>>> print(open('my_file_9.pdb').read())   # PDB, C-alpha atoms
MODEL        1
ATOM      1  CA  MET A   1       0.000   0.000   0.000
ATOM      2  CA  ASP A   2       2.237   2.681  -1.404
ATOM      3  CA  PRO A   3       2.276   6.063   0.446
ATOM      4  CA  ARG A   4       3.426   8.281  -2.421
ATOM      5  CA  THR A   5       0.096   9.857  -3.406
ATOM      6  CA  SER A   6      -2.611  11.329  -1.213
ATOM      7  CA  GLN A   7      -5.117   8.590  -2.028
ATOM      8  CA  ASP A   8      -2.557   5.817  -1.545
ATOM      9  CA  LEU A   9      -1.379   7.466   1.672
ATOM     10  CA  SER A  10      -4.884   7.482   3.133
ATOM     11  CA  LEU A  11      -5.286   3.790   2.291
ATOM     12  CA  HIS A  12      -1.838   3.096   3.724
ATOM     13  CA  GLN A  13      -2.787   4.880   6.932
ATOM     14  CA  ARG A  14      -5.963   2.802   7.215
ATOM     15  CA  ARG A  15      -4.066  -0.483   7.290
ATOM     16  CA  ARG A  16      -4.669  -2.685  10.314
ATOM     17  CA  SER A  17      -4.610  -6.299  11.443
ATOM     18  CA  PRO A  18      -7.422  -8.456  10.042
ATOM     19  CA  THR A  19     -10.309  -9.593  12.205
ATOM     20  CA  ALA A  20     -11.125 -13.273  12.673
ATOM     21  CA  ASP A  21     -14.054 -12.975  10.225
ATOM     22  CA  GLU A  22     -11.797 -11.349   7.645
ATOM     23  CA  LEU A  23      -9.254 -14.145   8.002
ATOM     24  CA  ASP A  24     -12.050 -16.666   7.457
ATOM     25  CA  GLY A  25     -12.688 -15.025   4.068
ATOM     26  CA  ILE A  26      -9.139 -15.624   2.795
ATOM     27  CA  PRO A  27      -9.396 -18.774   0.644
ATOM     28  CA  TRP A  28      -5.770 -19.929   0.723
ATOM     29  CA  LEU A  29      -5.212 -19.853   4.492
ATOM     30  CA  PRO A  30      -6.897 -23.262   5.089
ATOM     31  CA  LEU A  31      -4.443 -24.826   2.599
ATOM     32  CA  LEU A  32      -1.452 -24.006   4.796
ATOM     33  CA  LEU A  33       0.125 -26.172   7.474
ATOM     34  CA  PRO A  34      -0.216 -24.780  11.025
ATOM     35  CA  ALA A  35       3.259 -23.194  11.154
ATOM     36  CA  GLU A  36       2.801 -21.707   7.661
ATOM     37  CA  ARG A  37      -0.603 -20.305   8.574
ATOM     38  CA  GLU A  38       0.745 -18.784  11.782
ATOM     39  CA  ARG A  39       3.492 -17.003   9.859
ATOM     40  CA  ALA A  40       1.082 -15.772   7.165
ATOM     41  CA  VAL A  41      -1.526 -14.494   9.633
ATOM     42  CA  ALA A  42       1.162 -12.604  11.563
ATOM     43  CA  SER A  43       2.153 -10.682   8.425
ATOM     44  CA  LEU A  44      -1.266 -10.089   6.822
ATOM     45  CA  LEU A  45      -2.701  -6.575   6.861
ATOM     46  CA  VAL A  46      -5.997  -5.167   5.649
ATOM     47  CA  GLY A  47      -6.865  -1.688   4.428
ATOM     48  CA  ASP A  48     -10.262   0.007   4.387
ATOM     49  CA  ALA A  49     -10.430   1.486   0.883
ATOM     50  CA  GLN A  50     -12.905   4.190  -0.068
ATOM     51  CA  ALA A  51     -14.462   4.447  -3.533
ATOM     52  CA  GLY A  52     -11.812   5.836  -5.879
ATOM     53  CA  ASP A  53      -8.817   4.754  -3.804
ATOM     54  CA  TYR A  54      -5.992   3.148  -5.762
ATOM     55  CA  VAL A  55      -4.625  -0.100  -4.388
ATOM     56  CA  CYS A  56      -2.003  -0.430  -7.169
ATOM     57  CA  ARG A  57      -0.839   1.973  -9.876
ATOM     58  CA  VAL A  58       1.002   1.507 -13.155
ATOM     59  CA  GLY A  59       4.766   1.746 -12.687
ATOM     60  CA  ARG A  60       4.774   1.378  -8.910
ATOM     61  CA  PRO A  61       6.910  -1.392  -7.378
ATOM     62  CA  VAL A  62       5.072  -4.357  -5.908
ATOM     63  CA  THR A  63       5.054  -4.468  -2.116
ATOM     64  CA  TYR A  64       2.082  -6.760  -1.360
ATOM     65  CA  TRP A  65       0.051  -9.547  -2.887
ATOM     66  CA  PHE A  66      -3.503  -8.271  -2.619
ATOM     67  CA  GLY A  67      -6.938  -9.804  -2.140
ATOM     68  CA  VAL A  68     -10.503  -8.511  -1.831
ATOM     69  CA  VAL A  69     -12.136  -9.330   1.494
ATOM     70  CA  GLU A  70     -15.278  -7.349   0.703
ATOM     71  CA  GLY A  71     -16.322  -4.745  -1.833
ATOM     72  CA  LEU A  72     -15.452  -4.428  -5.525
ATOM     73  CA  LEU A  73     -12.287  -3.365  -7.361
ATOM     74  CA  LYS A  74     -11.454  -2.966 -11.039
ATOM     75  CA  MET A  75      -8.250  -3.711 -12.926
ATOM     76  CA  SER A  76      -7.562  -1.272 -15.774
ATOM     77  CA  THR A  77      -5.026   0.772 -17.726
ATOM     78  CA  ASP A  78      -5.201   4.123 -19.505
ATOM     79  CA  ASN A  79      -3.882   4.573 -23.048
ATOM     80  CA  ALA A  80      -2.074   7.591 -24.507
ATOM     81  CA  GLN A  81      -5.424   9.155 -25.466
ATOM     82  CA  GLY A  82      -6.658   8.962 -21.881
ATOM     83  CA  GLN A  83      -9.101   6.153 -22.587
ATOM     84  CA  THR A  84      -9.502   3.492 -19.911
ATOM     85  CA  MET A  85      -9.426  -0.204 -20.740
ATOM     86  CA  THR A  86     -10.866  -2.409 -17.990
ATOM     87  CA  TYR A  87      -9.429  -5.920 -17.794
ATOM     88  CA  ALA A  88     -11.412  -7.387 -14.935
ATOM     89  CA  GLY A  89     -13.659  -6.769 -11.978
ATOM     90  CA  LEU A  90     -12.400  -8.096  -8.666
ATOM     91  CA  PRO A  91     -15.192  -9.159  -6.279
ATOM     92  CA  PRO A  92     -14.846 -10.719  -2.788
ATOM     93  CA  GLY A  93     -12.498 -13.663  -2.419
ATOM     94  CA  GLY A  94     -10.361 -12.603  -5.375
ATOM     95  CA  TRP A  95      -6.573 -12.424  -5.005
ATOM     96  CA  PHE A  96      -4.633 -10.805  -7.819
ATOM     97  CA  GLY A  97      -1.203  -9.776  -9.030
ATOM     98  CA  GLU A  98       0.550 -13.080  -8.337
ATOM     99  CA  GLY A  99       2.456 -12.852 -11.639
ATOM    100  CA  THR A 100       3.725  -9.372 -10.799
ATOM    101  CA  THR A 101       4.541 -10.469  -7.258
ATOM    102  CA  ILE A 102       6.477 -13.540  -8.414
ATOM    103  CA  LYS A 103       8.549 -11.457 -10.843
ATOM    104  CA  ARG A 104       8.917  -8.511  -8.417
ATOM    105  CA  GLU A 105       8.240  -6.153 -11.306
ATOM    106  CA  PRO A 106       6.377  -2.820 -11.405
ATOM    107  CA  TYR A 107       2.627  -2.937 -11.908
ATOM    108  CA  ARG A 108       1.375  -2.758 -15.485
ATOM    109  CA  TYR A 109      -2.188  -1.930 -14.446
ATOM    110  CA  ASN A 110      -4.197   0.101 -11.962
ATOM    111  CA  ILE A 111      -6.373  -1.420  -9.266
ATOM    112  CA  GLN A 112      -9.064   0.957  -8.016
ATOM    113  CA  ALA A 113     -11.949   0.570  -5.573
ATOM    114  CA  LEU A 114     -15.364   1.064  -7.160
ATOM    115  CA  ARG A 115     -16.978   1.214  -3.729
ATOM    116  CA  LYS A 116     -15.988   1.034  -0.081
ATOM    117  CA  SER A 117     -13.924  -2.151   0.160
ATOM    118  CA  VAL A 118     -11.699  -4.115   2.496
ATOM    119  CA  VAL A 119      -8.434  -5.150   0.834
ATOM    120  CA  ALA A 120      -5.976  -7.628   2.342
ATOM    121  CA  GLY A 121      -2.258  -7.550   1.654
ATOM    122  CA  LEU A 122       0.384 -10.231   2.126
ATOM    123  CA  PRO A 123       3.865  -8.625   2.163
ATOM    124  CA  LEU A 124       6.152  -9.500  -0.721
ATOM    125  CA  ASP A 125       8.701 -11.339   1.422
ATOM    126  CA  SER A 126       5.983 -13.426   3.104
ATOM    127  CA  PHE A 127       4.547 -14.322  -0.310
ATOM    128  CA  HIS A 128       7.922 -15.616  -1.505
ATOM    129  CA  TRP A 129       8.549 -17.456   1.765
ATOM    130  CA  LEU A 130       5.282 -19.360   1.284
ATOM    131  CA  LEU A 131       6.237 -20.134  -2.317
ATOM    132  CA  ASP A 132       9.502 -21.591  -1.062
ATOM    133  CA  HIS A 133       8.000 -23.624   1.795
ATOM    134  CA  SER A 134       4.315 -24.435   1.237
ATOM    135  CA  ILE A 135       3.025 -27.020  -1.241
ATOM    136  CA  GLY A 136      -0.570 -25.978  -0.558
ATOM    137  CA  PHE A 137       0.220 -22.343  -1.289
ATOM    138  CA  ASN A 138       2.041 -23.264  -4.493
ATOM    139  CA  ARG A 139      -0.972 -25.209  -5.738
ATOM    140  CA  PHE A 140      -3.258 -22.299  -4.981
ATOM    141  CA  VAL A 141      -1.019 -19.862  -6.884
ATOM    142  CA  MET A 142      -0.721 -22.267  -9.861
ATOM    143  CA  ASN A 143      -4.508 -22.583 -10.016
ATOM    144  CA  GLN A 144      -4.789 -18.796  -9.856
ATOM    145  CA  LEU A 145      -2.384 -18.332 -12.757
ATOM    146  CA  ASN A 146      -4.175 -20.963 -14.847
ATOM    147  CA  GLU A 147      -7.613 -19.463 -14.225
ATOM    148  CA  ARG A 148      -6.306 -15.937 -14.799
ATOM    149  CA  LEU A 149      -4.950 -16.953 -18.201
ATOM    150  CA  GLY A 150      -8.367 -18.291 -19.171
ATOM    151  CA  GLN A 151     -10.007 -15.127 -17.854
ATOM    152  CA  PHE A 152      -7.862 -12.839 -19.989
ATOM    153  CA  ILE A 153      -8.348 -14.974 -23.104
ATOM    154  CA  ALA A 154     -12.083 -14.649 -22.506
ATOM    155  CA  ALA A 155     -11.676 -10.904 -21.993
ATOM    156  CA  ARG A 156     -10.089 -10.571 -25.431
ATOM    157  CA  GLU A 157     -13.074 -12.388 -26.895
ATOM    158  CA  ILE A 158     -15.486 -10.107 -25.023
ATOM    159  CA  ASP A 159     -13.749  -7.024 -26.456
ATOM    160  CA  ARG A 160     -14.511  -8.277 -29.992
ATOM    161  CA  LEU A 161     -18.189  -9.016 -29.401
ATOM    162  CA  ASN A 162     -20.630  -6.683 -31.089
ATOM    163  CA  ASN A 163     -23.661  -7.942 -29.185
ATOM    164  CA  PRO A 164     -23.911  -5.933 -25.925
ATOM    165  CA  ASP A 165     -26.131  -8.580 -24.306
ATOM    166  CA  VAL A 166     -23.507 -11.248 -24.844
ATOM    167  CA  ARG A 167     -20.799  -8.868 -23.569
ATOM    168  CA  VAL A 168     -22.721  -8.442 -20.337
ATOM    169  CA  ALA A 169     -23.379 -12.194 -20.086
ATOM    170  CA  ARG A 170     -19.694 -13.107 -20.481
ATOM    171  CA  SER A 171     -18.586 -10.354 -18.113
ATOM    172  CA  LEU A 172     -20.999 -11.601 -15.465
ATOM    173  CA  ALA A 173     -19.750 -15.150 -15.957
ATOM    174  CA  SER A 174     -16.183 -14.008 -15.265
ATOM    175  CA  LEU A 175     -17.263 -12.361 -12.001
ATOM    176  CA  PHE A 176     -18.853 -15.631 -10.873
ATOM    177  CA  ASN A 177     -15.677 -17.686 -11.383
ATOM    178  CA  PRO A 178     -15.674 -19.947  -8.289
ATOM    179  CA  VAL A 179     -11.894 -20.470  -8.397
ATOM    180  CA  LEU A 180     -10.842 -16.838  -8.699
ATOM    181  CA  TYR A 181     -13.690 -15.356  -6.653
ATOM    182  CA  PRO A 182     -14.888 -17.916  -4.104
ATOM    183  CA  GLY A 183     -16.402 -15.209  -1.912
ATOM    184  CA  VAL A 184     -19.125 -14.317  -4.418
ATOM    185  CA  GLY A 185     -21.263 -17.446  -4.167
ATOM    186  CA  GLU A 186     -24.554 -17.325  -6.082
ATOM    187  CA  VAL A 187     -25.299 -13.630  -5.502
ATOM    188  CA  LEU A 188     -23.034 -10.808  -6.665
ATOM    189  CA  ARG A 189     -23.522  -7.507  -4.860
ATOM    190  CA  ILE A 190     -23.135  -5.020  -7.679
ATOM    191  CA  THR A 191     -25.015  -2.008  -9.020
ATOM    192  CA  GLN A 192     -25.866  -1.462 -12.669
ATOM    193  CA  GLN A 193     -23.516   1.528 -12.734
ATOM    194  CA  GLU A 194     -20.626  -0.554 -11.369
ATOM    195  CA  LEU A 195     -21.304  -3.247 -13.949
ATOM    196  CA  ALA A 196     -21.402  -0.581 -16.657
ATOM    197  CA  TYR A 197     -17.908   0.580 -15.592
ATOM    198  CA  LEU A 198     -16.588  -2.978 -15.861
ATOM    199  CA  VAL A 199     -18.262  -3.871 -19.170
ATOM    200  CA  GLY A 200     -17.643  -0.542 -20.905
ATOM    201  CA  LEU A 201     -21.294   0.139 -21.767
ATOM    202  CA  SER A 202     -23.796   2.744 -20.641
ATOM    203  CA  ARG A 203     -25.911   2.056 -17.576
ATOM    204  CA  GLN A 204     -29.040   2.105 -19.736
ATOM    205  CA  ARG A 205     -27.616  -0.490 -22.136
ATOM    206  CA  VAL A 206     -26.504  -2.696 -19.252
ATOM    207  CA  ASN A 207     -30.030  -2.469 -17.810
ATOM    208  CA  GLU A 208     -31.468  -3.655 -21.143
ATOM    209  CA  ALA A 209     -29.003  -6.536 -21.287
ATOM    210  CA  LEU A 210     -29.822  -7.612 -17.734
ATOM    211  CA  ALA A 211     -33.514  -7.608 -18.585
ATOM    212  CA  ALA A 212     -32.789  -9.803 -21.600
ATOM    213  CA  LEU A 213     -30.704 -12.222 -19.543
ATOM    214  CA  GLU A 214     -33.396 -12.370 -16.872
ATOM    215  CA  THR A 215     -36.052 -13.155 -19.494
ATOM    216  CA  GLN A 216     -33.853 -16.018 -20.713
ATOM    217  CA  GLY A 217     -33.681 -17.397 -17.164
ATOM    218  CA  ALA A 218     -29.913 -16.979 -16.869
ATOM    219  CA  ILE A 219     -30.007 -14.495 -13.959
ATOM    220  CA  ARG A 220     -32.391 -12.909 -11.517
ATOM    221  CA  VAL A 221     -32.045  -9.248 -10.602
ATOM    222  CA  GLU A 222     -32.433  -8.853  -6.846
ATOM    223  CA  TYR A 223     -32.231  -5.888  -4.515
ATOM    224  CA  GLY A 224     -28.595  -4.804  -4.420
ATOM    225  CA  GLY A 225     -27.282  -7.528  -6.689
ATOM    226  CA  LEU A 226     -27.631 -10.331  -9.209
ATOM    227  CA  ARG A 227     -28.277 -14.035  -8.737
ATOM    228  CA  VAL A 228     -26.995 -16.423 -11.394
ATOM    229  CA  LEU A 229     -29.465 -19.169 -12.280
ATOM    230  CA  ASP A 230     -27.609 -20.644 -15.267
ATOM    231  CA  LEU A 231     -23.858 -19.992 -15.214
ATOM    232  CA  ALA A 232     -23.260 -22.408 -18.092
ATOM    233  CA  ALA A 233     -25.557 -20.319 -20.299
ATOM    234  CA  LEU A 234     -23.654 -17.136 -19.481
ATOM    235  CA  ARG A 235     -20.383 -18.829 -20.403
ATOM    236  CA  SER A 236     -21.550 -20.715 -23.476
ATOM    237  CA  SER A 237     -20.086 -19.768 -26.841
ATOM    238  CA  VAL A 238     -23.456 -20.471 -28.452
ATOM    239  CA  PHE A 239     -25.404 -18.301 -26.029
ATOM    240  CA  GLN A 240     -26.601 -15.483 -28.269
ATOM    241  CA  LEU A 241     -29.277 -12.961 -27.432
ATOM    242  CA  GLN A 242     -31.097 -10.835 -29.946
ATOM    243  CA  VAL A 243     -33.360  -8.043 -28.795
ATOM    244  CA  SER A 244     -35.872  -6.824 -31.336
ATOM    245  CA  ASP A 245     -39.073  -4.881 -30.811
ATOM    246  CA  GLY A 246     -38.933  -5.614 -27.098
ATOM    247  CA  ARG A 247     -38.783  -9.394 -27.652
ATOM    248  CA  VAL A 248     -35.862 -11.615 -26.700
ATOM    249  CA  ALA A 249     -34.965 -14.715 -28.679
ATOM    250  CA  ARG A 250     -32.070 -17.137 -28.595
ATOM    251  CA  GLY A 251     -30.115 -17.135 -31.818
TER     252      GLY A 251
ENDMDL
END
>>> encode(input="my_file_9.pdb", output="structure tokens")
Amino acid sequence: MDPRTSQDLSLHQRRRSPTADELDGIPWLPLLLPAERERAVASLLVGDAQAGDYVCRVGRPVTYWFGVVEGLLKMSTDNAQGQTMTYAGLPPGGWFGEGTTIKREPYRYNIQALRKSVVAGLPLDSFHWLLDHSIGFNRFVMNQLNERLGQFIAAREIDRLNNPDVRVARSLASLFNPVLYPGVGEVLRITQQELAYLVGLSRQRVNEALAALETQGAIRVEYGGLRVLDLAALRSSVFQLQVSDGRVARG
């Protein structure tokens, strides 16, 4: 949690030891042997991020391996024209940046809180100690890297889709990945505006797409979030939605 900008400094100053409930939400801790877990817990910190706070910034050196305990973050970069490209949303249970942490290289992306969030950080040296000593931790990190590769391949596909409904469907499917984001479960707490930020569409267009997906029986819009009823349909390459004259049909 780098202190070199005012936003980062405020997040850095809000760091503290995790509570027992927050530790229970960290998916890799149960994979550690008792001595490994004791060492990890002693070094873990959490920060209370406000909406707009940056957890990581392009070009900054890595100091922690980060995870989302609660809230919602986005991973993005800005091009030379000032346009933002969003790579992924990061809901509860998601840990990210393991590739950067392994290589000890500067960040190539920004991580920003879309709402008030609790972010956990495992210091760089503790991360590498676990890599050197813990088989369970190594397996978790390998699974993360494998799933992340699939996620970014899917993201490239999403960028090329012309059908906004399918874009929303695939983006939702990525947020419900049980390996990368085990804290989400069946209900994702997200607003239409937050989803619009992640998908790169207007809030109105996202609302139309959600209505189409709900009509198809793939999701159910609930107060404060979305419930997935058919994750396979959201992920399917043949899942096509066409909206015409207010009617939805599978193509």
>>> resolve_selection(input="my_file_9.pdb", expression="the PyMOL selection byres ((chain A and resi 209-225) around 6)", output="number ranges by chain")
A: 165, 188-190, 206-208, 226-230
>>> closest_residue(input="my_file_9.pdb", among="A:Leu195, A:Leu149, A:Ala40, A:Val62", to="A:Ala169", atoms="all atoms listed in the file")
A:Leu195
>>> closest_residue(input="my_file_9.pdb", among="A:Gly93, A:Val55, A:Arg115, A:Trp129", to="A:Gly185", atoms="all atoms listed in the file")
A:Gly93
>>> residues_around(input="my_file_9.pdb", residues="A:Val118", least_positions_apart="5", cutoff="8 Å", atoms="only C-alpha atoms", output="MDAnalysis selection string")
chainID A and resid 46:49 68:71
>>> residues_around(input="my_file_9.pdb", residues="stretch 82-92 of chain A", least_positions_apart="2", cutoff="6 Å", atoms="all atoms listed in the file", output="MDAnalysis selection string")
chainID A and resid 68:70 72:80 94 183:184
>>> closest_residue(input="my_file_9.pdb", among="A:Cys56, A:Leu198, A:Ala20, A:Ile26", to="A:Pro182", atoms="all atoms listed in the file")
A:Ile26
>>> closest_residue(input="my_file_9.pdb", among="A:Leu172, A:Leu124, A:Leu23, A:Ile111", to="A:Val58", atoms="all atoms listed in the file")
A:Ile111
>>> closest_residue(input="my_file_9.pdb", among="A:Arg15, A:Arg205, A:Arg170, A:Arg57", to="A:Ala113", atoms="all atoms listed in the file")
A:Arg57
>>> residues_near_point(input="my_file_9.pdb", point="(-9.2, -19.4, -2.2)", cutoff="12 Å", atoms="all atoms listed in the file", output="ChimeraX atom specification")
/A:23-32,67-69,92-96,136-137,139-144,177-184
>>> resolve_selection(input="my_file_9.pdb", expression="the PyMOL selection byres ((chain A and resi 60) around 10)", output="PyMOL selection string")
chain A and resi 2+4+56-59+61-63+105-110
>>> atom_distance(input="my_file_9.pdb", atom1="atom CA of A:Tyr54", atom2="atom CA of A:Gln112")
4.4 Å
>>> atom_distance(input="my_file_9.pdb", atom1="atom CA of A:Ile135", atom2="atom CA of A:Arg39")
15.0 Å
>>> atom_distance(input="my_file_9.pdb", atom1="atom CA of A:Leu145", atom2="atom CA of A:Asp21")
26.3 Å
>>> closest_residue(input="my_file_9.pdb", among="A:Leu234, A:Tyr197, A:Thr101, A:Thr191", to="A:Val166", atoms="all atoms listed in the file")
A:Leu234
>>> axis_aligned_box(input="my_file_9.pdb", around="stretch 42-45 of chain A", padding_each_side="3 Å", output="lines of an AutoDock Vina configuration file")
center_x = -0.3
center_y = -9.6
center_z = 9.2
size_x = 10.9
size_y = 12.0
size_z = 10.7
>>> residues_around(input="my_file_9.pdb", residues="A:Phe66", least_positions_apart="3", cutoff="7 Å", atoms="all atoms listed in the file", output="list in words")
Trp95, Phe96, Gly97, Val119, Ala120, Gly121 and Leu122 of chain A
>>> write_last_selection(input="my_file_9.pdb", atoms="C-alpha atoms", output="tab-separated table (two decimals), keeping the file's coordinate frame")
chain	number	residue	atom	x	y	z
A	95	TRP	CA	-6.57	-12.42	-5.00
A	96	PHE	CA	-4.63	-10.80	-7.82
A	97	GLY	CA	-1.20	-9.78	-9.03
A	119	VAL	CA	-8.43	-5.15	0.83
A	120	ALA	CA	-5.98	-7.63	2.34
A	121	GLY	CA	-2.26	-7.55	1.65
A	122	LEU	CA	0.38	-10.23	2.13
